[in-house]
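> One structure coming up, written as structure tokens, with questions to follow.
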Amino acid sequence: MSTSGSIDPGAPEVAELATEVEGALLSAENVSKIFGGLVAVNDVTVAIPRKKIVSIIGPNGAGKTTFFNMLTGLYKPSRGKIVLDGADITGHRPDKIMAGGVARTFQNIRLFSTMTAVENVMVGQHARMRAGLIGSILRPPRVGREERGTREKARDMLGFVGLETKTFDELAINLSYGDQRRVEIARALASEPRLLLLDEPTAGMNPQESEVLTTFMKRLRDELDLSILLIEHDMKVVMGVSEHITVLDHGEKIAEGDPATVRANPRVIEAYLGKQG
Amino acid sequence: MNVATLPPQEEIRTTPVSERLRKFFSAYGLWIVLLGLPVFYGIKDLQDEGDLSRLGNNLFAGLSNGAIWALIALGYTLVYGIIELINFAHGDVFMIGSFVAVGMWGTVGLALTTGTLGLIAGLLVTLIVAMVVCGTMNVMIERVAYRPLRSAPKLAPLITAVGFSFILQNVGIVWLGSSQKGVPDLIKAQHVLVSVAGIDIHNSDVLALAVTAPLVFLLTTFVNHSRSGKAMRATAQDPEAARLMGINVDTTISLTFLLGGLLAGAAGLVYALYQTNVWYFQGFTAGLIAFTAAVMGGIGNLKGAVIGGLIIGCIQQISDNRIGAQWTPAVVFAYLVLIMVFRPQGLVGEETREAG
Amino acid sequence: MSAINSNLESFRNWKHANLAIAVVLIGALAIFPLFKPPLDGFIDDCVLALAYVVMALGLNIVVGFAGLLDLGFVAFYAFGSYAAGWFASDFFSSINGEKGIHIGAGTFASTLPGIHLNFLLVLVAAVIITSIAGMIIGLPTLRLRGDYIAIVTLAFGEIIGRFAVNGQIGGFKYTNGRQAISPVDALDLPLLKEFDSAFSIRGYYWVALTMVAFSLFVNFRLRDSRLGRAWIAIREDEVAAVSMGIPLVKTKLMAYAAGAAFGGLSGAFLGTYFNSVNANQFQFAFSIFILSMVILGGLGSIWGTVLGAITLSFINSYFIPDVFNGIPGSLGLDFDLTQLSFGIFGFLLVMVMILRPEGLLPEKRRRLELKEGIGADEAIVEVRA
């Protein structure tokens with residue numbers, strides 16, 4: 001297994017990376033994940049700057065989702081360290097990381113299908129709510145206000161992601177595919193994240209819908225001051241929206257840089273098209 | 001079921017505090033706990049009596065008793081391996097097996113006065129009848145109560161299994177009443193056949209091992225080498241793929257229930273001869289003990305079920321003899337909880353599709 | 001816009017309707033015993049039914065809301081009953097130099113040795129004991145899948161039943177085993193004084209009814225709260241739930257604790273009502289009895305659970321012993337139908353699961369899950385696969 005030093009051709013890039021990690025909102029430093037004997041992610045370093053959209057791309061099985069799951073705490077990294085805004089969050093529980101401001105969506109939509117759209121988004125605010133067991137039973141004014149506020153905010157959020165008002169109280173399972181994607185994003189946004197992780201959000205969308213989503217991501221960055229980390233297959237989306245791209249293949253980082261640099265990198269082309277000749 | 005993308009459940013982190021403890025226990029804990037009892041009493045015996053014959057007797061009785069649990073545990077493990085269902089009614093199928101056996105040897109005319117040859121012939125007939133009845137019944141229960149729910153959430157068939165368990169218990173009550181019923185001691189169960197190094201070998205021990213060993217051998221041979229056995233293993237690994245490969249999954253599942261039922265029937269006969277009494281409630285306790293054995297061995301694993309059965313038999317004997325029979329169920333269930341929590345993949349821990 | 005308004009309107013109406021139904025129902029239920037003889041057998045059946053409603057509502061929180069199949073609910077019945085046995089009888093007769101400890105106990109009970117607390121304090125003790133027990137029993141199941149949870153809780157139920165039967169460890173005697181702790185102090189509350197249990201059980205009926213109203217209130221409040229949504233989220237998809245910021249351990253433990261508390265409440269009441277606490281009561285079959293109520297009514301459905309509990313309770317205490325018991329005899333069969341009540345419940349479980357898995361009064365979410373097989377453990381399989 002090669003180290004990151006041998007991947008990057010020049011020393012300056014490494015230095016640049018180090019400075020990036022410094023001021024980053026979230027950084028993964030030399031993280032690896034090993035399942036049994038299988039190395040799913042090997043020694044990957046990625047830094048996500050504030051208010052930027054960055055992407056991770058790579059062929060199927062490159063370890064992108066595994067990497068995501070480490071960032072959100074679903075998996076504990078076998079090696080390496082994850083730092084959120086200066087605090088080491090390696091090995092923290094997913095709900096803690098979520099409360100710390102990292103929200104996500106899933107590759108295969110995971111809405112609570114027997115809840116309505118609004119209820120789903122209300123669940124997203126769980127970490128921002130206070131009511132406990134006793135409070136929920138006695139429902140003092142404070143809890144009542146919180147409950148109403150949560151519901152209101154959920155509706156606002158659904159409006160913000162462009163869901164039609166008449167579908168707010170539909171069960172999630174009865175929503176169209178595109179709307180389910182929207183609700184999932186609204187659910188993540190409702191937690192007031194600083195960083196939004198989107199796992200293949202355009203999967204199953206037609207070009208127009210992808211276009212709308214691309215614009216929407218930029219809006220999120222500009223209006224809500226969000227950082228976004230995107231896993232994506234659709235190169236048009238990735239190249240159009242990302243300010244920085246990291247390429248994974250077989251669990252290793254093989255390239256990174258701005259869209260133009262990555263597009264021109266022979267190793268990236270090779271990873272996507274296979275070895276020629 | 002692609003291994004490359006498989007994040008094992010252990011990796012989903014929910015309780016980091018207990019994790020280190022859990023890892024330690026899953027590596028060594030179960031063995032320590034299992035060996036704890038015999039080692040403790042072994043040392044105690046050496047101090048008090050100067051030899052190990054009491055412990056030896058406990059362990060040997062445990063093995064023969066455990067042979068019965070092994071037969072039942074195989075039924076749990078077969079079924080769980082193939083459809084991931086805890087067949088809660090299995091213990092009660094075993095109970096019905098005992099009742100059929102008792103009824104059958106009455107019909108055949110076996111009595112305390114029957115000669116040895118007649119006894120063996122009669123018991124063989126009884127064995128076959130009990131096995132066939134239980135096997136058929138198990139297949140029918142699957143058809144009625146589990147198959148319609150195969151696509152439902154997993155808890156649904158578990159609930160119907162509990163329901164069937166109660167139905168069978170009530171069949172038992174109607175059949176032989178609600179109290180324990182003594183049955184003729186046909187094989188003179190407690191007669192000491194031979195004594196080796198201070199360990200008494202009773203008729204009942206010989207019977208239990210003589211019935212269990214060949215059946216286990218036949219079963220493992222069947223599962224490992226026959227065409228249907230291969231179909232079973234394929235279905236257990238991946239039902240969808242098996243179906244695509246042209247395996248009739250429904251038939252294979254029925255076959256699994258048949259095998260489990262056959263073994264339960266055999267265990268029923270052995271139990272009746274061994275304990276010389278039967279009771280409608282015997283299946284509930286036996287079922288839980290055998291299930292513990294199956295989990296201890298690693299559910300879905302045939303060899304594990306047998307080993308688990310034998311170990312549970314030993315634990316039970318030691319507990320009966322030393323701690324007091326009134327605590328034995330609590331001891332066994334405590335083991336069940338410990339295993340479930342700290343080593344759900346069991347002792348013979350090859351990670352099956354379902355471990356964890 | 002009008003669509004939302006009418007939606008909201010119907011939502012509000014529906015809520016009001018719910019409330020109205022509850023008020024009218026409870027009012028009618030409260031006065032009906034006055035039209036019956038004070039020691040009427042039917043009131044007796046009703047008291048039992050109400051106590052079981054409380055228990056079933058508790059189990060519904062664990063199984064129906066949070067989706068944790070608990071087969072050892074009898075443990076909380078036991079703890080609750082023993083709270084009554086320990087703290088409202090002469091069981092610990094040697095305590096305080098055989099003078100006993102009395103806090104708010106009735107005039108007669110105040111003269112007896114042993115611990116004698118006021119009924120309300122006994123309830124508090126029962127709730128505390130059972131919610132702690134619920135969390136302790138829940139703890140080992142936190143990482144387990146549905147069917148393993150079922151078996152571990154069952155094993156705990158059996159272990160606790162075993163402890164109850166055996167009654168003592170070493171020299172310390174903590175239950176009377178199958179001999180029963182008896183007598184337990186009679187109900188003694190300020191307003192109910194005039195209804196002495198020897199002459200009237202109306203007082204018990206009203207206490208039970210109050211407990212049901214309280215349980216319903218708590219159930220509705222919890223269902224429509226942050227916690228209720230978190231339970232449903234966990235039931236549907238643990239991974240998504242934890243990724244949305246729901247702490248699994250805490251949330252599950254709260255479900256166990258809340259559910260167990262109702263078991264304890266009802267158990268303490270029943271101990272008082274039966275006037276004795278016998279280890280024979282605490283068997284696996286009882287867990288299934290309560291579970292059948294929840295399943296028959298509809299998992300997760302509060303009114304369904306109430307209906308299921310009342311139905312099964314009356315089948316058990318009225319129809320089987322009093323109405324249908326002549327049937328086997330008239331068919332020339334020689335057995336006692338009451339022995340078969342659990343076979344009947346088992347049969348009901350099988351039938352309900354196959355024919356109408358969503359129960360009599362289904363909850364809309366659960367109907368989707370049970371009918372179309374969405375949610376539940378599917379999610380976990382997905383993560384592994």
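By order of appearance in the structure tokens: chains A, B, ..., then residues from 1 within every chain, and ligands from 1 in the order shown.
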Sorted by chain and rising residue number, which residues of range 53-140 of chain A lie within 8 Å of range 238-248 of chain A, and what are their closest atom pairs and distances in Å to one decimal, counting only C-alpha atoms, as a tab-separated table?


residue	atom	partner	partner_atom	distance
A:Ile53	CA	A:Ser242	CA	5.2
A:Val54	CA	A:His244	CA	4.8
A:Ser55	CA	A:Ile245	CA	4.8
A:Ile56	CA	A:Thr246	CA	4.8
A:Ile57	CA	A:Val247	CA	5.0
A:Gly58	CA	A:Leu248	CA	4.9
A:Pro59	CA	A:Leu248	CA	7.7
A:Ala62	CA	A:Leu248	CA	5.7
A:Gly63	CA	A:Leu248	CA	7.1
A:Lys64	CA	A:Leu248	CA	7.0

> Which chain A residues have any atom within 7 Å of an atom of chain C, and for each, what is the nearest pair of atoms with distance in Å to one decimal, counting only C-alpha atoms, rows sorted by chain and number, as a Markdown table?


| residue | atom | partner | partner_atom | distance |
| --- | --- | --- | --- | --- |
| A:Pro94 | CA | C:Ser243 | CA | 5.6 |
| A:Asp95 | CA | C:Gly245 | CA | 3.8 |
| A:Lys96 | CA | C:Gly245 | CA | 6.6 |
| A:Met98 | CA | C:Gly245 | CA | 5.2 |
| A:Ala99 | CA | C:Gly245 | CA | 6.0 |
| A:Arg110 | CA | C:Ala240 | CA | 6.2 |
| A:Phe112 | CA | C:Ala233 | CA | 6.1 |
| A:Thr114 | CA | C:Arg365 | CA | 5.0 |
| A:Val123 | CA | C:Arg229 | CA | 6.5 |
| A:Gly124 | CA | C:Met244 | CA | 5.3 |
| A:His126 | CA | C:Gly245 | CA | 6.2 |
| A:Ala127 | CA | C:Gly245 | CA | 5.3 |
| A:Ala131 | CA | C:Arg226 | CA | 6.8 |
| A:Ser136 | CA | C:Ser225 | CA | 5.8 |
| A:Ile137 | CA | C:Arg221 | CA | 5.3 |
| A:Lys166 | CA | C:Ile4 | CA | 6.7 |

> For those residues, write all heavy atoms to a file as a tab-separated table (two decimals), in the first residue's frame.


chain	number	residue	atom	x	y	z
A	94	PRO	N	-22.67	8.61	16.54
A	94	PRO	CA	-23.29	9.34	15.43
A	94	PRO	C	-24.21	10.45	15.91
A	94	PRO	O	-24.22	11.54	15.32
A	94	PRO	CB	-24.09	8.26	14.71
A	94	PRO	CG	-23.51	6.96	15.12
A	94	PRO	CD	-22.88	7.16	16.45
A	95	ASP	N	-24.99	10.20	16.96
A	95	ASP	CA	-25.93	11.23	17.39
A	95	ASP	C	-25.20	12.45	17.95
A	95	ASP	O	-25.65	13.57	17.84
A	95	ASP	CB	-26.93	10.66	18.40
A	95	ASP	CG	-26.27	9.94	19.55
A	95	ASP	OD1	-25.66	8.89	19.31
A	95	ASP	OD2	-26.37	10.42	20.68
A	96	LYS	N	-24.04	12.21	18.58
A	96	LYS	CA	-23.24	13.32	19.10
A	96	LYS	C	-22.69	14.15	17.94
A	96	LYS	O	-22.68	15.38	17.99
A	96	LYS	CB	-22.07	12.79	19.93
A	96	LYS	CG	-22.49	12.07	21.17
A	96	LYS	CD	-22.63	13.02	22.34
A	96	LYS	CE	-22.94	12.26	23.59
A	96	LYS	NZ	-23.77	13.04	24.51
A	98	MET	N	-23.87	14.35	14.97
A	98	MET	CA	-25.00	15.06	14.38
A	98	MET	C	-25.30	16.33	15.19
A	98	MET	O	-25.46	17.42	14.64
A	98	MET	CB	-26.21	14.13	14.37
A	98	MET	CG	-27.56	14.81	14.23
A	98	MET	SD	-27.75	15.48	12.60
A	98	MET	CE	-29.48	15.37	12.29
A	99	ALA	N	-25.31	16.18	16.51
A	99	ALA	CA	-25.59	17.33	17.35
A	99	ALA	C	-24.49	18.39	17.21
A	99	ALA	O	-24.74	19.58	17.38
A	99	ALA	CB	-25.72	16.89	18.81
A	110	ARG	N	-33.25	6.93	3.14
A	110	ARG	CA	-33.70	6.27	4.38
A	110	ARG	C	-34.60	7.19	5.16
A	110	ARG	O	-34.28	7.59	6.27
A	110	ARG	CB	-32.49	5.88	5.23
A	110	ARG	CG	-31.59	4.88	4.55
A	110	ARG	CD	-30.49	4.48	5.48
A	110	ARG	NE	-30.89	3.34	6.27
A	110	ARG	CZ	-30.08	2.33	6.55
A	110	ARG	NH1	-28.85	2.33	6.12
A	110	ARG	NH2	-30.51	1.33	7.29
A	112	PHE	N	-38.10	7.82	7.30
A	112	PHE	CA	-38.97	6.99	8.13
A	112	PHE	C	-40.28	6.90	7.37
A	112	PHE	O	-41.08	7.83	7.36
A	112	PHE	CB	-39.13	7.62	9.50
A	112	PHE	CG	-37.80	7.85	10.16
A	112	PHE	CD1	-37.34	9.13	10.39
A	112	PHE	CD2	-37.00	6.78	10.51
A	112	PHE	CE1	-36.10	9.35	10.97
A	112	PHE	CE2	-35.76	6.98	11.09
A	112	PHE	CZ	-35.31	8.27	11.31
A	114	THR	N	-43.13	5.47	7.43
A	114	THR	CA	-44.51	5.55	7.90
A	114	THR	C	-44.77	6.85	8.65
A	114	THR	O	-45.79	7.00	9.30
A	114	THR	CB	-44.85	4.36	8.81
A	114	THR	OG1	-44.02	4.42	9.96
A	114	THR	CG2	-44.64	3.06	8.11
A	123	VAL	N	-38.16	14.91	13.22
A	123	VAL	CA	-37.16	14.01	13.80
A	123	VAL	C	-35.76	14.57	13.59
A	123	VAL	O	-34.89	14.48	14.45
A	123	VAL	CB	-37.27	12.60	13.19
A	123	VAL	CG1	-36.09	11.74	13.61
A	123	VAL	CG2	-38.56	11.94	13.61
A	124	GLY	N	-35.56	15.20	12.44
A	124	GLY	CA	-34.26	15.81	12.17
A	124	GLY	C	-33.87	16.84	13.20
A	124	GLY	O	-32.68	17.11	13.42
A	126	HIS	N	-34.39	16.55	16.36
A	126	HIS	CA	-34.32	15.91	17.67
A	126	HIS	C	-33.21	16.49	18.54
A	126	HIS	O	-33.42	16.83	19.70
A	126	HIS	CB	-34.12	14.40	17.50
A	126	HIS	CG	-34.22	13.63	18.76
A	126	HIS	ND1	-35.40	13.09	19.21
A	126	HIS	CD2	-33.30	13.33	19.71
A	126	HIS	CE1	-35.20	12.48	20.36
A	126	HIS	NE2	-33.93	12.61	20.69
A	127	ALA	N	-32.03	16.61	17.96
A	127	ALA	CA	-30.88	17.04	18.75
A	127	ALA	C	-31.00	18.48	19.20
A	127	ALA	O	-30.33	18.91	20.13
A	127	ALA	CB	-29.60	16.84	17.94
A	131	ALA	N	-37.11	18.53	25.25
A	131	ALA	CA	-38.11	17.82	26.04
A	131	ALA	C	-37.67	16.39	26.36
A	131	ALA	O	-37.27	15.64	25.48
A	131	ALA	CB	-39.43	17.78	25.29
A	136	SER	N	-42.22	15.53	28.24
A	136	SER	CA	-43.13	15.10	27.20
A	136	SER	C	-44.49	14.72	27.79
A	136	SER	O	-45.52	14.90	27.16
A	136	SER	CB	-42.55	13.89	26.46
A	136	SER	OG	-41.36	14.25	25.81
A	137	ILE	N	-44.48	14.18	29.00
A	137	ILE	CA	-45.73	13.76	29.62
A	137	ILE	C	-46.50	14.97	30.15
A	137	ILE	O	-47.67	15.15	29.87
A	137	ILE	CB	-45.46	12.75	30.76
A	137	ILE	CG1	-44.87	11.46	30.20
A	137	ILE	CG2	-46.74	12.46	31.53
A	137	ILE	CD1	-44.35	10.52	31.24
A	166	LYS	N	-49.13	20.78	-0.32
A	166	LYS	CA	-50.16	19.75	-0.14
A	166	LYS	C	-49.56	18.39	0.19
A	166	LYS	O	-50.26	17.50	0.67
A	166	LYS	CB	-51.05	19.65	-1.38
A	166	LYS	CG	-50.36	19.17	-2.65
A	166	LYS	CD	-51.40	18.97	-3.76
A	166	LYS	CE	-50.91	18.15	-4.92
A	166	LYS	NZ	-49.87	18.77	-5.74

> Within 7 Å of range 194-209 of chain B, counting only C-alpha atoms, which residues show up once you throw out same-chain ones fewer than 6 positions away? Write them as JSON, numbers by chain, please.

{"B": [53, 56, 57, 64, 67, 68, 187, 188, 270, 274]}

> Go ahead and compute the interatomic distance for CA of Phe91 in chain C and CA of Val127 in chain C, in Å to one decimal.

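So the two atoms, CA of Phe91 in chain C and CA of Val127 in chain C, lie 20.1 Å apart.
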
> At most 9 Å is the cut-off: for each residue in chain A with any atom that close to an atom of chain B, write down the nearest atom pair and the distance in Å rounded to one decimal, counting only C-alpha atoms, chain first then increasing number, as CSV.


residue,atom,partner,partner_atom,distance
A:Phe35,CA,B:Pro7,CA,7.4
A:Leu38,CA,B:Ala4,CA,7.7
A:Ala40,CA,B:Ala4,CA,7.7
A:Gly61,CA,B:Thr5,CA,7.2
A:Gly63,CA,B:Thr5,CA,8.4
A:Thr65,CA,B:Thr5,CA,8.9
A:Thr66,CA,B:Thr5,CA,8.1
A:Gly73,CA,B:Arg13,CA,7.4
A:Leu74,CA,B:Ile12,CA,5.2
A:Tyr75,CA,B:Glu11,CA,5.5
A:Lys76,CA,B:Glu11,CA,7.0
A:Gly91,CA,B:Pro16,CA,8.3
A:His92,CA,B:Pro16,CA,8.3
A:Arg93,CA,B:Thr14,CA,6.4
A:Pro94,CA,B:Arg13,CA,7.7

> Rounded to one decimal place, report the CA of Pro207 in chain A-CA of His233 in chain A distance in Å.

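Value for the CA of Pro207 in chain A-CA of His233 in chain A distance: 12.9 Å.
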
> Write down as number ranges by chain the residues belonging to range 154-268 of chain A that are assigned strand (DSSP E) by DSSP computed on the backbone.

A: 195-199, 227-231, 244-249, 252-257

> In Å, with one decimal, what is the gap from CA of Phe314 in chain C to CA of Leu48 in chain C?

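Separation of CA of Phe314 in chain C and CA of Leu48 in chain C: 8.7 Å.
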
> What lies within 9 Å of Gly159 in chain A using only C-alpha atoms, ignoring chain neighbours under 6 positions off, as a ChimeraX atom specification?

/A:165,168,186

> Could those residues be written to a file, using N, CA, C and O atoms, as a PDB file, in the first residue's frame?


ATOM      1  N   THR A 165     -46.855  22.312  -0.761  1.00  0.00           N
ATOM      2  CA  THR A 165     -47.506  22.350   0.549  1.00  0.00           C
ATOM      3  C   THR A 165     -48.471  21.187   0.750  1.00  0.00           C
ATOM      4  O   THR A 165     -48.597  20.658   1.838  1.00  0.00           O
ATOM      5  N   PHE A 168     -47.102  17.996   2.414  1.00  0.00           N
ATOM      6  CA  PHE A 168     -46.426  18.052   3.716  1.00  0.00           C
ATOM      7  C   PHE A 168     -46.886  16.942   4.654  1.00  0.00           C
ATOM      8  O   PHE A 168     -46.100  16.396   5.407  1.00  0.00           O
ATOM      9  N   ALA A 186     -34.250  18.162   3.587  1.00  0.00           N
ATOM     10  CA  ALA A 186     -34.885  19.043   4.572  1.00  0.00           C
ATOM     11  C   ALA A 186     -34.662  18.501   5.978  1.00  0.00           C
ATOM     12  O   ALA A 186     -34.392  19.255   6.921  1.00  0.00           O
TER      13      ALA A 186
END

> Could you tell me which of B:Leu193, B:Leu168, B:Leu37, B:Val108 comes closest to Leu59 in chain B if we count only C-alpha atoms?

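Between B:Leu193, B:Leu168, B:Leu37, B:Val108, the residue approaching Leu59 in chain B most closely is B:Leu37.
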
> Residues within 8 Å of Leu26 in chain A, please, as a PyMOL selection string. Count only C-alpha atoms; anything in the same chain fewer than 5 positions from it doesn't count.

chain A and resi 47-49+82-85

> So that I have them on file, write out the residues from the current selection with N, CA and C atoms, as a compact mmCIF listing (two decimals), in the first residue's frame.


# COMPACT_ATOMS: atom_id res chain seq x y z
N ALA A 47 -9.81 17.46 3.73
CA ALA A 47 -10.18 18.61 4.56
C ALA A 47 -11.34 19.33 3.90
N ILE A 48 -12.34 19.68 4.69
CA ILE A 48 -13.49 20.38 4.14
C ILE A 48 -13.48 21.81 4.67
N PRO A 49 -13.19 22.76 3.78
CA PRO A 49 -13.13 24.16 4.22
C PRO A 49 -14.52 24.69 4.53
N ILE A 82 -10.40 12.22 13.14
CA ILE A 82 -11.37 13.11 12.51
C ILE A 82 -11.58 14.31 13.41
N VAL A 83 -11.42 15.49 12.84
CA VAL A 83 -11.48 16.72 13.65
C VAL A 83 -12.58 17.63 13.12
N LEU A 84 -13.48 18.01 14.01
CA LEU A 84 -14.56 18.92 13.63
C LEU A 84 -14.32 20.25 14.33
N ASP A 85 -14.02 21.26 13.54
CA ASP A 85 -13.85 22.60 14.08
C ASP A 85 -12.87 22.63 15.24

> Need to verify the contact set: range 247-251 of chain B, 10 Å, only C-alpha atoms, exclusion of same-chain residues closer than 2 positions in sequence. Can you return it as number ranges by chain?

B: 82, 143, 147, 228, 230-232, 234-236, 239-245, 253-257

> Would you mind writing down, as a PyMOL selection string, each residue of range 25-233 of chain A that DSSP on the backbone assigns to helix (DSSP H, G or I)?

chain A and resi 64-71+94-99+117-124+126-128+133-138+141-160+165-167+172-174+177-189+207-224
